[in-house]
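**Student:** Sharing target15.pdb (PDB, C-alpha atoms) below.
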```pdb
ATOM      1  CA  MET F  13     -68.719  39.477 -16.866  1.00  0.00           C
ATOM      2  CA  ALA F  14     -70.783  36.389 -17.642  1.00  0.00           C
ATOM      3  CA  SER F  15     -72.679  35.302 -20.753  1.00  0.00           C
ATOM      4  CA  ARG F  16     -76.356  34.433 -20.331  1.00  0.00           C
ATOM      5  CA  ILE F  17     -77.994  31.150 -21.309  1.00  0.00           C
ATOM      6  CA  GLU F  18     -81.734  31.072 -21.956  1.00  0.00           C
ATOM      7  CA  HIS F  19     -83.635  28.128 -23.425  1.00  0.00           C
ATOM      8  CA  ARG F  20     -87.320  27.248 -23.301  1.00  0.00           C
ATOM      9  CA  THR F  21     -89.140  24.412 -25.007  1.00  0.00           C
ATOM     10  CA  THR F  22     -92.670  23.043 -24.799  1.00  0.00           C
ATOM     11  CA  PHE F  23     -93.614  19.398 -25.223  1.00  0.00           C
ATOM     12  CA  SER F  24     -97.032  18.066 -26.182  1.00  0.00           C
ATOM     13  CA  ALA F  25     -97.149  15.716 -23.215  1.00  0.00           C
ATOM     14  CA  ASP F  26     -98.368  15.607 -19.639  1.00  0.00           C
ATOM     15  CA  LEU F  27     -95.934  16.378 -16.833  1.00  0.00           C
ATOM     16  CA  ALA F  28     -95.390  12.745 -15.772  1.00  0.00           C
ATOM     17  CA  SER F  29     -94.447  11.664 -19.294  1.00  0.00           C
ATOM     18  CA  ALA F  30     -92.178  14.665 -19.831  1.00  0.00           C
ATOM     19  CA  TRP F  31     -90.530  14.107 -16.437  1.00  0.00           C
ATOM     20  CA  ASP F  32     -89.723  10.526 -17.441  1.00  0.00           C
ATOM     21  CA  ALA F  33     -88.275  11.692 -20.774  1.00  0.00           C
ATOM     22  CA  VAL F  34     -86.173  14.430 -19.157  1.00  0.00           C
ATOM     23  CA  ALA F  35     -84.929  12.810 -15.955  1.00  0.00           C
ATOM     24  CA  SER F  36     -85.358   9.023 -15.886  1.00  0.00           C
ATOM     25  CA  GLU F  37     -82.165   7.003 -15.885  1.00  0.00           C
ATOM     26  CA  ALA F  38     -83.213   5.102 -19.011  1.00  0.00           C
ATOM     27  CA  ALA F  39     -83.898   8.325 -20.932  1.00  0.00           C
ATOM     28  CA  LEU F  40     -80.615   9.901 -19.782  1.00  0.00           C
ATOM     29  CA  ARG F  41     -78.604   6.882 -20.884  1.00  0.00           C
ATOM     30  CA  ALA F  42     -80.365   6.792 -24.263  1.00  0.00           C
ATOM     31  CA  ARG F  43     -79.865  10.551 -24.712  1.00  0.00           C
ATOM     32  CA  LEU F  44     -76.151  10.316 -23.932  1.00  0.00           C
ATOM     33  CA  GLU F  45     -75.762   7.375 -26.284  1.00  0.00           C
ATOM     34  CA  GLN F  46     -77.352   9.334 -29.103  1.00  0.00           C
ATOM     35  CA  ILE F  47     -76.033  12.881 -28.569  1.00  0.00           C
ATOM     36  CA  GLY F  48     -73.557  12.758 -25.679  1.00  0.00           C
ATOM     37  CA  GLY F  49     -70.399  12.759 -27.741  1.00  0.00           C
ATOM     38  CA  ASP F  50     -67.144  10.979 -26.987  1.00  0.00           C
ATOM     39  CA  ASP F  51     -66.881   9.035 -23.719  1.00  0.00           C
ATOM     40  CA  ALA F  52     -70.377  10.109 -22.616  1.00  0.00           C
ATOM     41  CA  GLU F  53     -71.534   8.447 -19.431  1.00  0.00           C
ATOM     42  CA  VAL F  54     -73.935   8.676 -16.515  1.00  0.00           C
ATOM     43  CA  LEU F  55     -71.477   9.030 -13.637  1.00  0.00           C
ATOM     44  CA  GLU F  56     -74.078   9.007 -10.872  1.00  0.00           C
ATOM     45  CA  TYR F  57     -77.859   8.682 -10.630  1.00  0.00           C
ATOM     46  CA  VAL F  58     -79.509   9.130  -7.223  1.00  0.00           C
ATOM     47  CA  PRO F  59     -83.319   9.070  -7.113  1.00  0.00           C
ATOM     48  CA  ALA F  60     -85.141  10.516  -4.097  1.00  0.00           C
ATOM     49  CA  ASP F  61     -88.767  10.679  -2.996  1.00  0.00           C
ATOM     50  CA  ASP F  62     -89.035  14.279  -4.180  1.00  0.00           C
ATOM     51  CA  GLY F  63     -86.740  14.293  -7.223  1.00  0.00           C
ATOM     52  CA  VAL F  64     -83.381  13.130  -8.493  1.00  0.00           C
ATOM     53  CA  ARG F  65     -79.710  14.104  -8.680  1.00  0.00           C
ATOM     54  CA  TYR F  66     -77.434  12.941 -11.458  1.00  0.00           C
ATOM     55  CA  LYS F  67     -73.986  13.591 -12.906  1.00  0.00           C
ATOM     56  CA  LEU F  68     -73.151  13.233 -16.571  1.00  0.00           C
ATOM     57  CA  ARG F  69     -69.959  13.355 -18.581  1.00  0.00           C
ATOM     58  CA  GLN F  70     -70.143  14.477 -22.187  1.00  0.00           C
ATOM     59  CA  GLY F  71     -67.404  14.942 -24.763  1.00  0.00           C
ATOM     60  CA  ILE F  72     -66.988  17.209 -27.739  1.00  0.00           C
ATOM     61  CA  SER F  73     -64.253  16.243 -30.193  1.00  0.00           C
ATOM     62  CA  SER F  74     -61.922  19.070 -31.114  1.00  0.00           C
ATOM     63  CA  ASP F  75     -62.845  18.885 -34.807  1.00  0.00           C
ATOM     64  CA  LYS F  76     -66.429  19.888 -33.908  1.00  0.00           C
ATOM     65  CA  LEU F  77     -65.361  22.932 -31.889  1.00  0.00           C
ATOM     66  CA  PRO F  78     -65.479  26.479 -33.242  1.00  0.00           C
ATOM     67  CA  SER F  79     -62.049  27.790 -34.269  1.00  0.00           C
ATOM     68  CA  ALA F  80     -62.100  30.367 -31.443  1.00  0.00           C
ATOM     69  CA  VAL F  81     -62.227  27.515 -28.912  1.00  0.00           C
ATOM     70  CA  ARG F  82     -59.582  25.421 -30.718  1.00  0.00           C
ATOM     71  CA  THR F  83     -57.095  28.295 -30.516  1.00  0.00           C
ATOM     72  CA  LEU F  84     -57.569  28.570 -26.749  1.00  0.00           C
ATOM     73  CA  HIS F  85     -57.993  24.899 -25.827  1.00  0.00           C
ATOM     74  CA  ARG F  86     -56.042  22.016 -27.310  1.00  0.00           C
ATOM     75  CA  GLY F  87     -57.760  18.680 -27.730  1.00  0.00           C
ATOM     76  CA  ASP F  88     -61.264  17.477 -27.034  1.00  0.00           C
ATOM     77  CA  LEU F  89     -63.547  19.131 -24.493  1.00  0.00           C
ATOM     78  CA  VAL F  90     -64.833  17.058 -21.591  1.00  0.00           C
ATOM     79  CA  VAL F  91     -67.844  18.474 -19.781  1.00  0.00           C
ATOM     80  CA  GLU F  92     -69.051  17.213 -16.408  1.00  0.00           C
ATOM     81  CA  ARG F  93     -72.566  18.261 -15.510  1.00  0.00           C
ATOM     82  CA  GLU F  94     -74.590  17.835 -12.328  1.00  0.00           C
ATOM     83  CA  GLN F  95     -78.375  18.277 -12.246  1.00  0.00           C
ATOM     84  CA  ILE F  96     -80.621  18.345  -9.199  1.00  0.00           C
ATOM     85  CA  TRP F  97     -84.419  18.220  -9.570  1.00  0.00           C
ATOM     86  CA  ARG F  98     -87.006  18.618  -6.771  1.00  0.00           C
ATOM     87  CA  ALA F  99     -90.764  18.163  -7.029  1.00  0.00           C
ATOM     88  CA  GLY F 100     -92.940  21.022  -5.899  1.00  0.00           C
ATOM     89  CA  GLY F 101     -95.888  23.116  -6.948  1.00  0.00           C
ATOM     90  CA  ALA F 102     -96.935  22.432 -10.521  1.00  0.00           C
ATOM     91  CA  GLY F 103     -93.847  20.491 -11.488  1.00  0.00           C
ATOM     92  CA  TYR F 104     -90.134  20.282 -10.809  1.00  0.00           C
ATOM     93  CA  THR F 105     -87.449  22.882 -10.196  1.00  0.00           C
ATOM     94  CA  GLY F 106     -83.757  22.572  -9.827  1.00  0.00           C
ATOM     95  CA  GLY F 107     -80.309  23.645 -10.721  1.00  0.00           C
ATOM     96  CA  ALA F 108     -77.447  22.530 -12.863  1.00  0.00           C
ATOM     97  CA  THR F 109     -73.722  23.129 -12.762  1.00  0.00           C
ATOM     98  CA  ALA F 110     -71.140  22.169 -15.332  1.00  0.00           C
ATOM     99  CA  SER F 111     -67.423  22.471 -15.750  1.00  0.00           C
ATOM    100  CA  VAL F 112     -65.188  22.033 -18.760  1.00  0.00           C
ATOM    101  CA  HIS F 113     -61.900  20.225 -18.062  1.00  0.00           C
ATOM    102  CA  GLY F 114     -59.004  22.596 -18.578  1.00  0.00           C
ATOM    103  CA  VAL F 115     -61.113  25.778 -18.670  1.00  0.00           C
ATOM    104  CA  PRO F 116     -61.160  27.910 -15.504  1.00  0.00           C
ATOM    105  CA  GLY F 117     -64.794  28.768 -15.003  1.00  0.00           C
ATOM    106  CA  GLU F 118     -68.230  27.260 -14.671  1.00  0.00           C
ATOM    107  CA  ILE F 119     -71.695  27.041 -16.107  1.00  0.00           C
ATOM    108  CA  THR F 120     -74.669  27.416 -13.755  1.00  0.00           C
ATOM    109  CA  ALA F 121     -78.383  27.271 -14.474  1.00  0.00           C
ATOM    110  CA  LYS F 122     -81.789  27.189 -12.862  1.00  0.00           C
ATOM    111  CA  THR F 123     -84.187  24.695 -14.383  1.00  0.00           C
ATOM    112  CA  SER F 124     -87.923  24.122 -14.272  1.00  0.00           C
ATOM    113  CA  LEU F 125     -90.335  21.605 -15.728  1.00  0.00           C
ATOM    114  CA  THR F 126     -94.007  22.593 -15.419  1.00  0.00           C
ATOM    115  CA  GLY F 127     -97.170  21.270 -16.966  1.00  0.00           C
ATOM    116  CA  ASP F 128    -100.807  22.187 -17.472  1.00  0.00           C
ATOM    117  CA  GLY F 129    -102.158  18.717 -18.261  1.00  0.00           C
ATOM    118  CA  GLU F 130    -101.622  18.627 -22.029  1.00  0.00           C
ATOM    119  CA  GLN F 131     -98.352  20.502 -22.393  1.00  0.00           C
ATOM    120  CA  THR F 132     -95.141  20.669 -20.401  1.00  0.00           C
ATOM    121  CA  THR F 133     -92.547  23.434 -20.521  1.00  0.00           C
ATOM    122  CA  LEU F 134     -88.848  23.005 -19.804  1.00  0.00           C
ATOM    123  CA  VAL F 135     -86.890  26.188 -18.983  1.00  0.00           C
ATOM    124  CA  ASN F 136     -83.131  26.600 -18.522  1.00  0.00           C
ATOM    125  CA  SER F 137     -81.774  29.972 -17.424  1.00  0.00           C
ATOM    126  CA  GLY F 138     -78.167  30.476 -16.465  1.00  0.00           C
ATOM    127  CA  GLU F 139     -74.757  31.852 -17.218  1.00  0.00           C
ATOM    128  CA  VAL F 140     -71.251  30.963 -18.312  1.00  0.00           C
ATOM    129  CA  LYS F 141     -68.225  32.419 -16.528  1.00  0.00           C
ATOM    130  CA  VAL F 142     -64.674  31.948 -17.790  1.00  0.00           C
ATOM    131  CA  ARG F 143     -61.786  33.348 -15.801  1.00  0.00           C
ATOM    132  CA  ILE F 144     -59.136  33.934 -18.477  1.00  0.00           C
ATOM    133  CA  PRO F 145     -57.869  37.508 -18.821  1.00  0.00           C
ATOM    134  CA  PHE F 146     -58.556  39.288 -22.125  1.00  0.00           C
ATOM    135  CA  VAL F 147     -60.229  36.331 -23.908  1.00  0.00           C
ATOM    136  CA  GLY F 148     -62.595  35.035 -21.216  1.00  0.00           C
ATOM    137  CA  GLY F 149     -65.563  37.064 -22.484  1.00  0.00           C
ATOM    138  CA  LYS F 150     -65.152  35.805 -26.048  1.00  0.00           C
ATOM    139  CA  LEU F 151     -64.860  32.232 -24.822  1.00  0.00           C
ATOM    140  CA  GLU F 152     -67.943  32.700 -22.586  1.00  0.00           C
ATOM    141  CA  ASN F 153     -69.988  33.741 -25.629  1.00  0.00           C
ATOM    142  CA  VAL F 154     -68.834  30.732 -27.655  1.00  0.00           C
ATOM    143  CA  ILE F 155     -69.521  28.315 -24.793  1.00  0.00           C
ATOM    144  CA  ALA F 156     -72.968  29.871 -24.161  1.00  0.00           C
ATOM    145  CA  GLU F 157     -73.836  29.383 -27.855  1.00  0.00           C
ATOM    146  CA  GLN F 158     -72.707  25.760 -27.701  1.00  0.00           C
ATOM    147  CA  VAL F 159     -74.715  25.137 -24.507  1.00  0.00           C
ATOM    148  CA  VAL F 160     -77.874  26.495 -26.151  1.00  0.00           C
ATOM    149  CA  LYS F 161     -77.256  24.249 -29.187  1.00  0.00           C
ATOM    150  CA  LEU F 162     -76.855  21.273 -26.828  1.00  0.00           C
ATOM    151  CA  LEU F 163     -80.105  22.173 -25.025  1.00  0.00           C
ATOM    152  CA  GLU F 164     -81.857  22.338 -28.405  1.00  0.00           C
ATOM    153  CA  ARG F 165     -80.548  18.878 -29.362  1.00  0.00           C
ATOM    154  CA  GLU F 166     -81.602  17.520 -25.971  1.00  0.00           C
ATOM    155  CA  ALA F 167     -85.100  18.984 -26.420  1.00  0.00           C
ATOM    156  CA  GLU F 168     -85.330  17.327 -29.843  1.00  0.00           C
ATOM    157  CA  PHE F 169     -84.338  14.021 -28.241  1.00  0.00           C
ATOM    158  CA  VAL F 170     -86.981  14.426 -25.510  1.00  0.00           C
ATOM    159  CA  ALA F 171     -89.669  15.215 -28.106  1.00  0.00           C
ATOM    160  CA  LYS F 172     -88.678  12.122 -30.090  1.00  0.00           C
ATOM    161  CA  TRP F 173     -88.627   9.981 -26.909  1.00  0.00           C
ATOM    162  CA  LEU F 174     -92.154  11.176 -26.063  1.00  0.00           C
ATOM    163  CA  ALA F 175     -93.435  10.542 -29.604  1.00  0.00           C
ATOM    164  CA  GLU F 176     -92.166   6.950 -29.525  1.00  0.00           C
ATOM    165  CA  ARG F 177     -93.943   6.079 -26.268  1.00  0.00           C
TER
END
```
Show me, as structure tokens, the structure contained in the file I just sent.
**Tutor:**
Amino acid sequence: MASRIEHRTTFSADLASAWDAVASEAALRARLEQIGGDDAEVLEYVPADDGVRYKLRQGISSDKLPSAVRTLHRGDLVVEREQIWRAGGAGYTGGATASVHGVPGEITAKTSLTGDGEQTTLVNSGEVKVRIPFVGGKLENVIAEQVVKLLEREAEFVAKWLAER
């Protein structure tokens, strides 16, 4: 069984500005510096005519983890995340995958960024799967909660980035 991830946020900005704040290399590096955690880094950034693909590494120190995670995983969590965006229609669509070092499982999501001229909406919809007998479901729920919190912090960063430009 998998735990669902759903997150939607709307920015008061046109699509081009929101796209820059969500997926430009400069914005990604600034976002990781501010909220990426320990050893955060852009591992790869590959722009294309119709979108972009990038890989990020983010860290969560063990003292910031819920106790349920600390009992199952010793030490800090290191998350590697890959995002692919493609232009099309009224915006951008894509997918994301992430893995947590030392945890058998994965996080997958579909993403979209669409705009109507004055507002832009970012949607993430996915799931967390952990393949550990007996405790996997509990760990999936905790990880899904943490992913949603991360998406909320990232949305706050994007809103701040847009307000400052």
**Student:** I'd like the interatomic distance between CA of Val112 in chain F and CA of Met13 in chain F, to a tenth of an Å.
**Tutor:**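 We find that CA of Val112 in chain F and CA of Met13 in chain F lie 17.9 Å from each other.
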**Student:** Taking 6 positions as the minimum chain separation for residues in the same chain, which residues sit within 10 Å of Leu134 in chain F when counting all atoms listed in the file? Answer as a list of chain:residue names.
**Tutor:**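 The residues satisfying every condition are F:His19, F:Arg20, F:Thr21, F:Thr22, F:Phe23, F:Ala30, F:Trp31, F:Val34, F:Tyr104, F:Thr105, F:Thr123, F:Ser124, F:Leu125, F:Thr126, F:Gly127, F:Ala167.
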**Student:** How about saving the chosen residues, C-alpha atoms kept, as a tab-separated table (two decimals), in the frame of the given file?
**Tutor:**
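Output contents, as saved in again_7.tsv:
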```tsv
chain	number	residue	atom	x	y	z
F	19	HIS	CA	-83.64	28.13	-23.42
F	20	ARG	CA	-87.32	27.25	-23.30
F	21	THR	CA	-89.14	24.41	-25.01
F	22	THR	CA	-92.67	23.04	-24.80
F	23	PHE	CA	-93.61	19.40	-25.22
F	30	ALA	CA	-92.18	14.66	-19.83
F	31	TRP	CA	-90.53	14.11	-16.44
F	34	VAL	CA	-86.17	14.43	-19.16
F	104	TYR	CA	-90.13	20.28	-10.81
F	105	THR	CA	-87.45	22.88	-10.20
F	123	THR	CA	-84.19	24.70	-14.38
F	124	SER	CA	-87.92	24.12	-14.27
F	125	LEU	CA	-90.34	21.60	-15.73
F	126	THR	CA	-94.01	22.59	-15.42
F	127	GLY	CA	-97.17	21.27	-16.97
F	167	ALA	CA	-85.10	18.98	-26.42
```
**Student:** Need to verify the contact set: Val142 in chain F, 8 Å, only C-alpha atoms, exclusion of same-chain residues closer than 2 positions in sequence. Can you return it as a list in words?
**Tutor:**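 Using only C-alpha atoms, the neighbours found are Ala14, Val115, Pro116, Gly117, Glu118, Val140, Ile144, Gly148, Gly149, Leu151 and Glu152 of chain F.
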**Student:** Which residue is closest to Ala25 in chain F? Choose from F:Gln70, F:Thr120, F:Thr109, F:Gln131 and count only C-alpha atoms.
**Tutor:** F:Gln131
**Student:** Name the residues that the PyMOL selection byres ((chain F and resi 158-165) around 12) pulls out of this structure, and write them as a PyMOL selection string.
**Tutor:** chain F and resi 15-22+34+43-44+46-49+70-72+76-78+81+89+91+93+109-112+118-121+123+134-140+151-157+166-172
**Student:** Mind working out the centre and edge lengths of an axis-aligned box for range 127-137 of chain F, all listed atoms inside, 5 Å added to each side, rounded to one decimal in Å and written as JSON?
**Tutor:**
```
{"center_x": -92.0, "center_y": 24.3, "center_z": -19.7, "size_x": 30.4, "size_y": 21.3, "size_z": 15.4}
```
**Student:** To one decimal place, how far is CA of Trp173 in chain F from CA of Val58 in chain F in Å?
**Tutor:**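 Value for the CA of Trp173 in chain F-CA of Val58 in chain F distance: 21.7 Å.
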